[in-house]
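Chemist: Dropping in query.txt, with compact mmCIF, C-alpha atoms.
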```txt
# COMPACT_ATOMS: atom_id res chain seq x y z
CA MET A 9 118.28 98.09 -3.46
CA ASP A 10 120.78 100.94 -3.65
CA PRO A 11 119.40 103.66 -1.32
CA ASN A 12 120.04 106.37 -3.94
CA VAL A 13 117.96 104.50 -6.49
CA ALA A 14 115.25 103.96 -3.89
CA ASP A 15 115.25 107.71 -3.13
CA ALA A 16 115.04 108.62 -6.80
CA ILE A 17 112.11 106.26 -7.33
CA ALA A 18 110.36 107.63 -4.23
CA ASP A 19 110.81 111.18 -5.55
CA ASP A 20 109.40 110.23 -8.96
CA VAL A 21 106.39 108.56 -7.38
CA ALA A 22 105.75 111.51 -5.06
CA ARG A 23 105.93 113.95 -7.99
CA ALA A 24 103.64 111.81 -10.15
CA LEU A 25 101.07 111.58 -7.34
CA ARG A 26 101.23 115.31 -6.73
CA ARG A 27 100.72 116.06 -10.43
CA ALA A 28 97.92 113.49 -10.70
CA GLY A 29 96.05 115.39 -7.98
CA TYR A 30 96.49 118.77 -9.66
CA PRO A 31 94.54 118.85 -12.91
CA VAL A 32 95.17 121.61 -15.45
CA LEU A 33 92.40 123.34 -17.41
CA VAL A 34 92.46 123.12 -21.19
CA GLY A 35 92.28 126.29 -23.27
CA ILE A 36 91.60 125.72 -26.97
CA SER A 37 92.89 128.39 -29.34
CA ASN A 38 90.83 129.00 -32.42
CA ARG A 39 92.48 130.97 -35.23
CA HIS A 40 93.24 134.54 -34.07
CA PHE A 41 95.62 137.45 -34.55
CA HIS A 42 97.82 139.66 -32.42
CA VAL A 43 98.64 143.09 -33.80
CA THR A 44 100.96 146.07 -33.40
CA GLU A 45 99.34 149.45 -32.92
CA LYS A 46 100.89 150.56 -36.24
CA ASP A 47 99.33 147.69 -38.20
CA TRP A 48 96.04 148.17 -36.30
CA ARG A 49 95.82 151.77 -37.58
CA VAL A 50 96.23 150.55 -41.16
CA LEU A 51 93.52 147.91 -40.67
CA PHE A 52 91.03 149.88 -38.54
CA GLY A 53 92.07 153.54 -38.69
CA ASP A 54 91.41 155.79 -35.67
CA GLN A 55 89.00 153.38 -34.00
CA ASP A 56 90.49 151.66 -30.93
CA PRO A 57 90.05 147.94 -30.26
CA LYS A 58 87.10 147.04 -28.02
CA PRO A 59 87.72 144.24 -25.51
CA LEU A 60 84.83 141.80 -25.84
CA ARG A 61 85.64 139.25 -23.14
CA PRO A 62 88.66 138.39 -21.03
CA VAL A 63 90.55 135.16 -21.66
CA ARG A 64 92.03 133.07 -18.86
CA GLN A 65 95.51 134.60 -19.06
CA PRO A 66 95.44 137.85 -17.04
CA GLY A 67 95.54 141.09 -19.06
CA GLN A 68 94.57 139.43 -22.34
CA TRP A 69 91.18 139.68 -24.01
CA ALA A 70 89.32 138.72 -27.14
CA GLY A 71 88.46 141.85 -29.10
CA ALA A 72 85.16 142.72 -30.72
CA GLU A 73 86.93 143.17 -34.05
CA THR A 74 87.85 140.64 -36.69
CA VAL A 75 89.90 140.76 -39.89
CA ALA A 76 89.98 138.54 -42.95
CA ILE A 77 93.15 136.51 -43.43
CA GLU A 78 94.08 135.51 -46.94
CA GLY A 79 96.39 132.94 -48.47
CA PRO A 80 96.97 131.81 -52.06
CA LYS A 81 94.28 129.10 -51.92
CA GLY A 82 91.67 130.39 -49.48
CA ARG A 83 90.65 132.86 -46.84
CA PHE A 84 88.93 133.09 -43.47
CA PRO A 85 86.67 136.12 -43.32
CA LYS A 86 86.38 136.54 -39.53
CA VAL A 87 89.53 136.03 -37.50
CA ARG A 88 89.35 137.55 -34.05
CA LEU A 89 91.74 139.97 -32.38
CA LEU A 90 93.48 138.85 -29.22
CA GLY A 91 94.56 141.99 -27.38
CA PRO A 92 96.27 144.05 -26.14
CA PHE A 93 98.64 145.43 -28.80
CA ARG A 94 101.93 143.58 -29.21
CA LYS A 95 105.37 144.36 -30.56
CA VAL A 96 104.81 142.18 -33.61
CA THR A 97 101.78 141.25 -35.67
CA GLN A 98 101.20 137.50 -35.57
CA VAL A 99 98.43 135.25 -36.89
CA GLU A 100 97.88 131.80 -35.39
CA VAL A 101 96.00 129.06 -37.24
CA SER A 102 95.64 125.30 -37.07
CA ARG A 103 97.25 123.02 -39.64
CA SER A 104 93.74 122.37 -41.03
CA ASP A 105 93.32 126.13 -41.49
CA ALA A 106 96.75 126.39 -43.12
CA MET A 107 95.72 123.82 -45.72
CA VAL A 108 92.62 125.88 -46.56
CA LEU A 109 94.80 128.99 -46.93
CA GLY A 110 97.34 127.09 -49.04
CA LEU A 111 100.23 127.98 -46.74
CA GLU A 112 102.78 125.97 -44.76
CA PRO A 113 103.48 127.82 -41.53
CA PRO A 114 105.85 126.25 -39.03
CA VAL A 115 104.94 125.12 -35.51
CA ARG A 116 106.28 127.84 -33.24
CA GLY A 117 106.03 129.34 -29.81
CA SER A 118 104.32 132.71 -29.68
CA GLY A 119 106.66 135.50 -30.79
CA SER A 120 109.11 133.18 -32.61
CA LEU A 121 108.42 134.45 -36.08
CA LYS A 122 111.67 133.76 -37.93
CA GLY A 123 110.68 131.49 -40.82
CA ALA A 124 106.96 132.09 -40.26
CA ALA A 125 104.76 132.08 -43.36
CA PRO A 126 103.64 135.25 -45.11
CA ILE A 127 100.05 136.30 -44.44
CA ARG A 128 97.70 139.06 -45.54
CA LEU A 129 95.27 140.68 -43.10
CA ALA A 130 92.35 142.73 -44.46
CA GLY A 131 90.44 145.12 -42.21
CA PRO A 132 87.72 147.67 -42.88
CA LYS A 133 90.22 150.49 -43.53
CA GLY A 134 93.10 148.71 -45.22
CA SER A 135 95.29 145.65 -45.58
CA VAL A 136 98.61 144.56 -44.15
CA GLU A 137 101.04 142.03 -45.62
CA VAL A 138 103.21 140.40 -42.97
CA ARG A 139 106.20 138.69 -44.53
CA GLU A 140 106.81 136.41 -41.54
CA GLY A 141 103.54 136.48 -39.64
CA LEU A 142 101.74 133.14 -39.73
CA ILE A 143 102.46 130.28 -37.34
CA ILE A 144 100.85 127.18 -35.96
CA SER A 145 101.06 127.54 -32.21
CA GLN A 146 103.20 125.04 -30.33
CA ARG A 147 101.14 123.51 -27.53
CA HIS A 148 102.31 124.74 -24.15
CA LEU A 149 101.60 124.96 -20.48
CA HIS A 150 101.17 128.25 -18.60
CA LEU A 151 101.94 128.20 -14.88
CA GLY A 152 101.91 130.81 -12.16
CA LEU A 153 104.59 130.75 -9.44
CA LYS A 154 102.53 128.65 -7.03
CA ASP A 155 101.53 126.22 -9.78
CA SER A 156 105.18 125.85 -10.71
CA GLU A 157 106.03 124.89 -7.15
CA ASP A 158 103.02 122.63 -6.59
CA LEU A 159 103.51 120.74 -9.86
CA CYS A 160 107.34 120.62 -9.66
CA VAL A 161 107.55 122.19 -13.12
CA ARG A 162 110.05 124.96 -13.84
CA ASP A 163 110.11 127.53 -16.61
CA GLY A 164 111.50 125.91 -19.76
CA ASP A 165 110.79 122.35 -18.65
CA VAL A 166 109.49 120.02 -21.33
CA VAL A 167 106.75 117.79 -19.94
CA ARG A 168 104.28 115.17 -21.10
CA VAL A 169 100.55 115.79 -20.77
CA ARG A 170 97.86 113.10 -20.61
CA ALA A 171 94.62 114.34 -22.17
CA GLY A 172 91.17 113.01 -22.94
CA THR A 173 91.14 110.41 -20.17
CA GLY A 174 87.69 108.89 -19.90
CA GLY A 175 86.80 110.00 -23.42
CA PRO A 176 87.03 108.17 -26.73
CA ARG A 177 90.41 109.57 -27.75
CA GLU A 178 92.84 109.60 -24.87
CA LEU A 179 96.41 110.47 -25.79
CA VAL A 180 99.68 111.71 -24.37
CA PHE A 181 101.15 114.89 -25.78
CA GLU A 182 104.94 114.70 -25.76
CA GLY A 183 107.31 117.64 -25.64
CA VAL A 184 105.03 120.22 -24.04
CA LEU A 185 106.94 123.40 -23.18
CA ALA A 186 106.21 124.86 -19.75
CA ARG A 187 106.23 128.62 -19.22
CA VAL A 188 106.19 130.05 -15.74
CA ALA A 189 105.45 133.71 -14.93
CA LYS A 190 103.88 135.41 -11.97
CA ASP A 191 100.99 136.76 -14.04
CA PHE A 192 100.19 133.41 -15.75
CA ALA A 193 97.10 131.38 -14.97
CA LEU A 194 97.49 127.61 -14.97
CA GLU A 195 96.35 126.45 -18.40
CA PHE A 196 97.26 123.96 -21.14
CA HIS A 197 96.98 125.59 -24.56
CA VAL A 198 96.24 123.52 -27.67
CA ASP A 199 94.77 124.37 -31.03
CA THR A 200 91.54 123.01 -32.51
CA ASP A 201 93.22 120.09 -34.33
CA GLU A 202 94.83 118.91 -31.11
CA ALA A 203 91.62 119.40 -29.14
CA ASN A 204 89.68 117.35 -31.66
CA ALA A 205 92.29 114.60 -31.78
CA ALA A 206 92.00 114.16 -28.00
CA TRP A 207 88.25 114.96 -27.90
CA LEU A 208 88.79 117.94 -25.61
CA ASN A 209 86.53 120.86 -24.81
CA ASN A 210 87.45 124.17 -23.21
CA GLY A 211 87.77 123.75 -19.47
CA ASP A 212 88.44 120.01 -19.59
CA ARG A 213 91.19 118.82 -17.30
CA VAL A 214 94.49 117.21 -18.21
CA ILE A 215 97.30 115.72 -16.13
CA VAL A 216 100.99 116.60 -16.34
CA LEU A 217 103.04 113.40 -16.31
CA MET B 7 115.20 88.50 -8.85
CA ASP B 8 112.29 86.06 -9.15
CA PRO B 9 112.93 84.11 -12.38
CA ASN B 10 109.27 84.52 -13.44
CA VAL B 11 109.54 88.30 -13.14
CA ALA B 12 112.82 88.23 -15.04
CA ASP B 13 111.19 86.18 -17.81
CA ALA B 14 108.22 88.56 -18.04
CA ILE B 15 110.52 91.57 -18.28
CA ALA B 16 112.64 89.84 -20.92
CA ASP B 17 109.48 89.09 -22.94
CA ASP B 18 108.30 92.71 -22.70
CA VAL B 19 111.68 94.01 -23.81
CA ALA B 20 111.87 91.54 -26.71
CA ARG B 21 108.37 92.53 -27.87
CA ALA B 22 109.13 96.27 -27.59
CA LEU B 23 112.34 95.84 -29.61
CA ARG B 24 110.54 93.80 -32.25
CA ARG B 25 107.79 96.44 -32.57
CA ALA B 26 110.32 99.29 -32.62
CA GLY B 27 111.93 97.65 -35.67
CA TYR B 28 108.64 97.22 -37.51
CA PRO B 29 107.22 100.63 -38.43
CA VAL B 30 103.61 100.95 -39.57
CA LEU B 31 102.51 103.24 -42.40
CA VAL B 32 99.99 105.98 -41.62
CA GLY B 33 96.83 106.27 -43.70
CA ILE B 34 94.91 109.53 -43.19
CA SER B 35 91.18 109.38 -43.86
CA ASN B 36 89.64 112.52 -45.23
CA ARG B 37 85.84 112.78 -45.09
CA HIS B 38 84.26 110.07 -47.29
CA PHE B 39 81.21 107.86 -47.67
CA HIS B 40 80.41 104.18 -48.05
CA VAL B 41 77.14 103.32 -49.74
CA THR B 42 74.68 100.50 -50.33
CA GLU B 43 73.79 99.73 -53.92
CA LYS B 44 70.17 100.73 -53.16
CA ASP B 45 71.17 104.20 -51.90
CA TRP B 46 73.65 104.55 -54.77
CA ARG B 47 70.83 104.12 -57.28
CA VAL B 48 68.87 106.92 -55.59
CA LEU B 49 71.92 109.20 -55.65
CA PHE B 50 73.37 108.34 -59.07
CA GLY B 51 70.71 106.37 -60.97
CA ASP B 52 71.82 103.71 -63.44
CA GLN B 53 75.41 104.88 -63.64
CA ASP B 54 77.84 102.53 -61.86
CA PRO B 55 80.63 103.81 -59.61
CA LYS B 56 84.00 104.28 -61.31
CA PRO B 57 87.05 103.26 -59.28
CA LEU B 58 89.51 106.17 -59.47
CA ARG B 59 92.46 104.80 -57.50
CA PRO B 60 93.07 101.90 -55.14
CA VAL B 61 93.64 102.57 -51.44
CA ARG B 62 96.10 100.57 -49.38
CA GLN B 63 93.53 98.08 -48.03
CA PRO B 64 93.09 95.37 -50.71
CA GLY B 65 89.81 95.46 -52.64
CA GLN B 66 88.92 98.99 -51.63
CA TRP B 67 89.17 102.03 -53.88
CA ALA B 68 88.37 105.73 -53.99
CA GLY B 69 85.63 106.36 -56.51
CA ALA B 70 85.48 109.06 -59.16
CA GLU B 71 82.13 110.22 -57.76
CA THR B 72 81.35 112.58 -54.93
CA VAL B 73 78.17 113.63 -53.12
CA ALA B 74 77.30 116.65 -51.03
CA ILE B 75 76.72 115.97 -47.34
CA GLU B 76 74.47 118.34 -45.46
CA GLY B 77 73.86 119.12 -41.81
CA PRO B 78 71.77 121.80 -40.07
CA LYS B 79 74.63 124.34 -40.00
CA GLY B 80 76.72 123.60 -43.05
CA ARG B 81 77.58 121.32 -45.93
CA PHE B 82 80.53 119.82 -47.78
CA PRO B 83 79.92 119.80 -51.52
CA LYS B 84 82.41 117.10 -52.59
CA VAL B 85 82.70 114.06 -50.37
CA ARG B 86 84.28 111.09 -52.11
CA LEU B 87 82.98 107.55 -52.43
CA LEU B 88 85.01 104.74 -50.93
CA GLY B 89 84.01 101.54 -52.71
CA PRO B 90 82.91 98.87 -53.20
CA PHE B 91 79.24 98.82 -52.17
CA ARG B 92 78.56 97.97 -48.52
CA LYS B 93 75.64 96.61 -46.52
CA VAL B 94 75.03 100.00 -44.88
CA THR B 95 75.50 103.58 -45.98
CA GLN B 96 77.97 105.35 -43.73
CA VAL B 97 79.59 108.78 -43.81
CA GLU B 98 82.85 109.44 -41.95
CA VAL B 99 83.98 112.95 -41.02
CA SER B 100 86.42 114.55 -38.61
CA ARG B 101 85.24 116.37 -35.49
CA SER B 102 86.22 119.64 -37.22
CA ASP B 103 83.94 118.69 -40.11
CA ALA B 104 81.14 117.76 -37.69
CA MET B 105 81.28 121.25 -36.19
CA VAL B 106 80.91 122.80 -39.65
CA LEU B 107 77.90 120.54 -40.31
CA GLY B 108 76.40 121.36 -36.91
CA LEU B 109 76.18 117.69 -35.91
CA GLU B 110 77.57 115.64 -33.03
CA PRO B 111 78.41 112.18 -34.36
CA PRO B 112 79.99 109.68 -31.98
CA VAL B 113 83.46 108.15 -32.35
CA ARG B 114 82.86 104.65 -33.70
CA GLY B 115 84.45 101.76 -35.46
CA SER B 116 83.39 101.31 -39.06
CA GLY B 117 79.98 99.63 -39.27
CA SER B 118 78.98 100.44 -35.66
CA LEU B 119 76.16 102.77 -36.52
CA LYS B 120 73.83 102.51 -33.54
CA GLY B 121 73.58 106.03 -32.15
CA ALA B 122 75.29 107.54 -35.20
CA ALA B 123 74.15 111.03 -36.23
CA PRO B 124 71.62 111.63 -39.01
CA ILE B 125 73.07 112.80 -42.31
CA ARG B 126 71.78 113.82 -45.73
CA LEU B 127 73.62 112.84 -48.93
CA ALA B 128 72.83 114.65 -52.15
CA GLY B 129 73.84 113.20 -55.52
CA PRO B 130 73.14 114.23 -59.10
CA LYS B 131 69.97 112.09 -59.31
CA GLY B 132 68.53 112.35 -55.81
CA SER B 133 69.06 112.57 -52.07
CA VAL B 134 69.19 110.09 -49.24
CA GLU B 135 68.55 110.76 -45.56
CA VAL B 136 70.33 108.27 -43.31
CA ARG B 137 68.91 108.36 -39.79
CA GLU B 138 71.99 106.80 -38.20
CA GLY B 139 74.71 107.30 -40.78
CA LEU B 140 77.36 109.75 -39.62
CA ILE B 141 80.34 108.80 -37.45
CA ILE B 142 83.79 110.00 -36.54
CA SER B 143 86.06 107.07 -37.21
CA GLN B 144 87.84 105.51 -34.25
CA ARG B 145 91.56 105.33 -35.00
CA HIS B 146 92.65 101.75 -35.57
CA LEU B 147 95.36 99.47 -36.78
CA HIS B 148 94.96 97.04 -39.70
CA LEU B 149 97.21 93.98 -39.70
CA GLY B 150 97.60 91.00 -41.98
CA LEU B 151 98.32 87.57 -40.51
CA LYS B 152 102.09 87.87 -40.80
CA ASP B 153 102.05 91.41 -39.33
CA SER B 154 100.01 90.10 -36.43
CA GLU B 155 102.62 87.47 -35.70
CA ASP B 156 105.63 89.73 -36.24
CA LEU B 157 104.24 92.53 -34.07
CA CYS B 158 102.77 90.23 -31.39
CA VAL B 159 99.39 91.93 -31.83
CA ARG B 160 96.18 89.87 -31.98
CA ASP B 161 92.77 90.77 -33.35
CA GLY B 162 90.92 92.87 -30.78
CA ASP B 163 94.05 93.93 -28.88
CA VAL B 164 94.12 97.52 -27.72
CA VAL B 165 97.57 99.01 -28.20
CA ARG B 166 99.36 102.32 -27.88
CA VAL B 167 100.91 103.98 -30.93
CA ARG B 168 103.75 106.51 -30.88
CA ALA B 169 103.40 108.98 -33.74
CA GLY B 170 105.17 112.05 -35.06
CA THR B 171 108.59 111.15 -33.66
CA GLY B 172 111.18 113.56 -34.99
CA GLY B 173 108.53 116.12 -35.86
CA PRO B 174 107.19 119.09 -33.92
CA ARG B 175 104.18 117.32 -32.42
CA GLU B 176 105.07 113.85 -31.21
CA LEU B 177 102.35 112.10 -29.22
CA VAL B 178 101.17 108.69 -28.08
CA PHE B 179 97.71 107.56 -29.11
CA GLU B 180 96.14 105.44 -26.37
CA GLY B 181 93.48 102.81 -26.86
CA VAL B 182 94.11 101.93 -30.50
CA LEU B 183 92.04 98.93 -31.59
CA ALA B 184 93.89 96.32 -33.65
CA ARG B 185 92.10 94.42 -36.39
CA VAL B 186 93.68 91.39 -37.97
CA ALA B 187 92.46 89.77 -41.20
CA LYS B 188 94.22 87.87 -43.93
CA ASP B 189 93.30 90.48 -46.56
CA PHE B 190 94.40 93.50 -44.47
CA ALA B 191 97.48 95.55 -45.26
CA LEU B 192 99.46 96.84 -42.31
CA GLU B 193 98.28 100.41 -41.75
CA PHE B 194 97.42 102.84 -38.95
CA HIS B 195 94.25 104.77 -39.78
CA VAL B 196 93.63 108.23 -38.34
CA ASP B 197 91.49 111.14 -39.45
CA THR B 198 92.68 114.60 -40.46
CA ASP B 199 92.37 116.12 -36.97
CA GLU B 200 94.54 113.36 -35.51
CA ALA B 201 97.03 113.61 -38.36
CA ASN B 202 97.36 117.35 -37.86
CA ALA B 203 97.68 117.05 -34.09
CA ALA B 204 100.67 114.71 -34.55
CA TRP B 205 101.95 116.47 -37.71
CA LEU B 206 101.56 113.32 -39.80
CA ASN B 207 101.43 112.89 -43.55
CA ASN B 208 100.22 109.88 -45.52
CA GLY B 209 102.90 107.21 -45.56
CA ASP B 210 104.67 108.42 -42.42
CA ARG B 211 105.71 105.68 -40.04
CA VAL B 212 104.54 105.08 -36.47
CA ILE B 213 105.58 102.59 -33.80
CA VAL B 214 103.30 100.25 -31.87
CA LEU B 215 104.24 100.34 -28.18
```
So that I can check it, write out the structure of this file as structure tokens.
Modeler:
Amino acid sequence: MDPNVADAIADDVARALRRAGYPVLVGISNRHFHVTEKDWRVLFGDQDPKPLRPVRQPGQWAGAETVAIEGPKGRFPKVRLLGPFRKVTQVEVSRSDAMVLGLEPPVRGSGSLKGAAPIRLAGPKGSVEVREGLIISQRHLHLGLKDSEDLCVRDGDVVRVRAGTGGPRELVFEGVLARVAKDFALEFHVDTDEANAAWLNNGDRVIVL
Amino acid sequence: MDPNVADAIADDVARALRRAGYPVLVGISNRHFHVTEKDWRVLFGDQDPKPLRPVRQPGQWAGAETVAIEGPKGRFPKVRLLGPFRKVTQVEVSRSDAMVLGLEPPVRGSGSLKGAAPIRLAGPKGSVEVREGLIISQRHLHLGLKDSEDLCVRDGDVVRVRAGTGGPRELVFEGVLARVAKDFALEFHVDTDEANAAWLNNGDRVIVL
């Protein structure tokens, strides 16, 4: 065999073995919203958001407060804040949720709101209409710097993720975008539809292929 | 190369090419119920079920009638009949639905009701409690005899199915059970959670791997 081919195969095998021994925790996103301070004041007035519990990504937390989100066909009365404040207001739902609302948001990475669906948020003090504010989150992988090195995954890489192994609905997610940052915790983010399709629960482990 | 190995590889490649050129239509199952004639009479009395529209599998149809299904935490008021009458009453929901109901049904093939969750059906004339009646349908492939031959898939085979290619959520479903019968139409059956996870619509095409 050509020694270059042999080397390439050896590298692939070594990487696969390394990744197989380095499981990634699953984080399942239920519908939630991110909000600018300006929109927050319209929705909640002078009251500041109250962090309720931290989430796995450092610096982020689920807030005590919820809003209603409303579409032409339906509404969800209690959609939770994910803080802290952001530069844009953004609501994330599953495709199942979108059907209840009667809206057709695109699948997007967080912050990519061009072409997002319009959505109305209603809080105790007022309402906000966001013209491009509703997306279905694109599944993705968060990695810290050490995770990136250990898993041989760089920022921007598109990887495959095997999920639900040992359960009744194993599958392989294609086209998973990897994001590396020093303040990221290693985590594979999916929404509730994806979690149910693979029979996943929060904290389950998946393997990067 | 060993001629036997070469032959095996050639066979695999030929089969993969054949399957790649033979797309399978997706059928998405929303929550529905099958019913015995005895339970039907309790729910609807003397009135007979009215077929509303045929489904792709020959001899089966969606009925005009719906029942409410009820669990400890929630209910769905309009769950449609899938006829004709069967030997057992069976309700199929998604995992998302099961969470709304507050029940934990297992993933099962149709008719495998041992260990199924209890469920209550309420019709216009009366209610039925089925002690083992609620399942989450296991995704599966229906094939007629010619499909079986053309796709090199036999009854009972477990195959992989690539879905959502070209869309934002491509994935590979592992462990898909194939069922072959002369009166089956070629179709890949998933529930709404699985369809949303792969961004599928009814009539989309998937590839058996």
Chemist: Mind dumping a table of every chain A residue within 10 Å of chain B, with the nearest atom pair and its distance in Å to one decimal, using only C-alpha atoms, sorted by chain and rising number, as CSV?
Modeler:
```
residue,atom,partner,partner_atom,distance
A:Ser102,CA,B:Asn202,CA,8.2
A:Arg103,CA,B:Asn202,CA,5.9
A:Ser104,CA,B:Asn202,CA,7.0
A:Pro114,CA,B:Pro174,CA,8.9
A:Val115,CA,B:Pro174,CA,6.6
A:Arg116,CA,B:Pro174,CA,8.8
A:Gln146,CA,B:Pro174,CA,8.0
A:Arg147,CA,B:Arg175,CA,8.5
A:Arg168,CA,B:Leu177,CA,8.9
A:Val169,CA,B:Leu177,CA,9.4
A:Arg170,CA,B:Val178,CA,9.3
A:Ala171,CA,B:Glu180,CA,10.0
A:Gly172,CA,B:Glu180,CA,9.7
A:Thr173,CA,B:Glu180,CA,9.4
A:Gly175,CA,B:Val113,CA,9.7
A:Pro176,CA,B:Val113,CA,6.7
A:Arg177,CA,B:Glu180,CA,7.2
A:Glu178,CA,B:Glu180,CA,5.5
A:Leu179,CA,B:Phe179,CA,4.6
A:Val180,CA,B:Val178,CA,5.0
A:Phe181,CA,B:Leu177,CA,4.6
A:Glu182,CA,B:Leu177,CA,5.0
A:Gly183,CA,B:Glu176,CA,7.1
A:Val184,CA,B:Arg175,CA,8.9
A:Val198,CA,B:Ala203,CA,9.2
A:Asp199,CA,B:Ala203,CA,8.5
A:Thr200,CA,B:Ser102,CA,7.9
A:Asp201,CA,B:Asp199,CA,4.8
A:Glu202,CA,B:Ala203,CA,4.5
A:Ala203,CA,B:Ala203,CA,8.2
A:Asn204,CA,B:Arg101,CA,5.9
A:Ala205,CA,B:Glu200,CA,4.5
A:Ala206,CA,B:Glu200,CA,8.0
A:Trp207,CA,B:Arg101,CA,8.3
```
Chemist: Based on the selection just made, write C-alpha atoms of those residues as a PDB file, keeping the file's coordinate frame.
Modeler:
```pdb
ATOM      1  CA  SER A 102      95.640 125.300 -37.070  1.00  0.00           C
ATOM      2  CA  ARG A 103      97.250 123.020 -39.640  1.00  0.00           C
ATOM      3  CA  SER A 104      93.740 122.370 -41.030  1.00  0.00           C
ATOM      4  CA  PRO A 114     105.850 126.250 -39.030  1.00  0.00           C
ATOM      5  CA  VAL A 115     104.940 125.120 -35.510  1.00  0.00           C
ATOM      6  CA  ARG A 116     106.280 127.840 -33.240  1.00  0.00           C
ATOM      7  CA  GLN A 146     103.200 125.040 -30.330  1.00  0.00           C
ATOM      8  CA  ARG A 147     101.140 123.510 -27.530  1.00  0.00           C
ATOM      9  CA  ARG A 168     104.280 115.170 -21.100  1.00  0.00           C
ATOM     10  CA  VAL A 169     100.550 115.790 -20.770  1.00  0.00           C
ATOM     11  CA  ARG A 170      97.860 113.100 -20.610  1.00  0.00           C
ATOM     12  CA  ALA A 171      94.620 114.340 -22.170  1.00  0.00           C
ATOM     13  CA  GLY A 172      91.170 113.010 -22.940  1.00  0.00           C
ATOM     14  CA  THR A 173      91.140 110.410 -20.170  1.00  0.00           C
ATOM     15  CA  GLY A 175      86.800 110.000 -23.420  1.00  0.00           C
ATOM     16  CA  PRO A 176      87.030 108.170 -26.730  1.00  0.00           C
ATOM     17  CA  ARG A 177      90.410 109.570 -27.750  1.00  0.00           C
ATOM     18  CA  GLU A 178      92.840 109.600 -24.870  1.00  0.00           C
ATOM     19  CA  LEU A 179      96.410 110.470 -25.790  1.00  0.00           C
ATOM     20  CA  VAL A 180      99.680 111.710 -24.370  1.00  0.00           C
ATOM     21  CA  PHE A 181     101.150 114.890 -25.780  1.00  0.00           C
ATOM     22  CA  GLU A 182     104.940 114.700 -25.760  1.00  0.00           C
ATOM     23  CA  GLY A 183     107.310 117.640 -25.640  1.00  0.00           C
ATOM     24  CA  VAL A 184     105.030 120.220 -24.040  1.00  0.00           C
ATOM     25  CA  VAL A 198      96.240 123.520 -27.670  1.00  0.00           C
ATOM     26  CA  ASP A 199      94.770 124.370 -31.030  1.00  0.00           C
ATOM     27  CA  THR A 200      91.540 123.010 -32.510  1.00  0.00           C
ATOM     28  CA  ASP A 201      93.220 120.090 -34.330  1.00  0.00           C
ATOM     29  CA  GLU A 202      94.830 118.910 -31.110  1.00  0.00           C
ATOM     30  CA  ALA A 203      91.620 119.400 -29.140  1.00  0.00           C
ATOM     31  CA  ASN A 204      89.680 117.350 -31.660  1.00  0.00           C
ATOM     32  CA  ALA A 205      92.290 114.600 -31.780  1.00  0.00           C
ATOM     33  CA  ALA A 206      92.000 114.160 -28.000  1.00  0.00           C
ATOM     34  CA  TRP A 207      88.250 114.960 -27.900  1.00  0.00           C
TER      35      TRP A 207
END
```
Chemist: Which of these residues is nearest to Cys160 of chain A, using all atoms listed in the file: A:Ala125, A:Glu140, A:Leu89, A:Ala186?
Modeler: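 Between A:Ala125, A:Glu140, A:Leu89, A:Ala186, the residue approaching Cys160 of chain A most closely is A:Ala186.
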Chemist: What is the distance, in Å and to one decimal place, between atom CA of Phe91 of chain B and atom CA of Gln66 of chain B?
Modeler: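 Separation between atom CA of Phe91 of chain B and atom CA of Gln66 of chain B: 9.7 Å.
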Chemist: Hey, can you check how far atom CA of Gly131 of chain A sits from atom CA of Asn210 of chain A?
Modeler: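 According to the coordinates, atom CA of Gly131 of chain A and atom CA of Asn210 of chain A are separated by 28.4 Å.
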Chemist: Write out as a PyMOL selection string the residues lying within 9 Å of Thr44 of chain A, counting all atoms listed in the file and excluding same-chain residues fewer than 2 positions away.
Modeler: chain A and resi 42+46-49+92-98
Chemist: List the residues sitting within 7 Å of (86.0, 143.2, -24.3) in the file's frame, using all atoms listed in the file, as a list in words.
Modeler: Lys58, Pro59, Leu60, Arg61, Pro62, Trp69, Ala70, Gly71 and Ala72 of chain A
Chemist: As an exercise, work out the distance from atom CA of Pro78 of chain B to atom CA of Ile125 of chain B in Å and give it to one decimal place.
Modeler: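 It comes out at 9.4 Å.
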Chemist: Within 7 Å of (93.8, 138.2, -43.8) (coordinates as in the file), grab all the protein and nucleic acid residues, counting all atoms listed in the file, and write them out as a PyMOL selection string.
Modeler: chain A and resi 75-78+83+127-130
Chemist: When you look at segment 148-159 of chain A with a cut-off of 8 Å (counting only C-alpha atoms), what residues show up, excluding the ones that are within fewer than 5 positions of it in the same chain? I need them as a list of chain:residue names.
Modeler: A:Arg23, A:Arg26, A:Arg27, A:Tyr30, A:Val184, A:Leu185, A:Ala186, A:Arg187, A:Val188, A:Ala189, A:Lys190, A:Asp191, A:Phe192, A:Ala193, A:Leu194, A:Glu195, A:Phe196, A:His197, A:Val198
Chemist: Restricting the output to C-alpha atoms, write the selected residues as a compact mmCIF listing (two decimals), in the frame of the given file.
Modeler:
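Saved to selection_30.txt:
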```
# COMPACT_ATOMS: atom_id res chain seq x y z
CA ARG A 23 105.93 113.95 -7.99
CA ARG A 26 101.23 115.31 -6.73
CA ARG A 27 100.72 116.06 -10.43
CA TYR A 30 96.49 118.77 -9.66
CA VAL A 184 105.03 120.22 -24.04
CA LEU A 185 106.94 123.40 -23.18
CA ALA A 186 106.21 124.86 -19.75
CA ARG A 187 106.23 128.62 -19.22
CA VAL A 188 106.19 130.05 -15.74
CA ALA A 189 105.45 133.71 -14.93
CA LYS A 190 103.88 135.41 -11.97
CA ASP A 191 100.99 136.76 -14.04
CA PHE A 192 100.19 133.41 -15.75
CA ALA A 193 97.10 131.38 -14.97
CA LEU A 194 97.49 127.61 -14.97
CA GLU A 195 96.35 126.45 -18.40
CA PHE A 196 97.26 123.96 -21.14
CA HIS A 197 96.98 125.59 -24.56
CA VAL A 198 96.24 123.52 -27.67
```
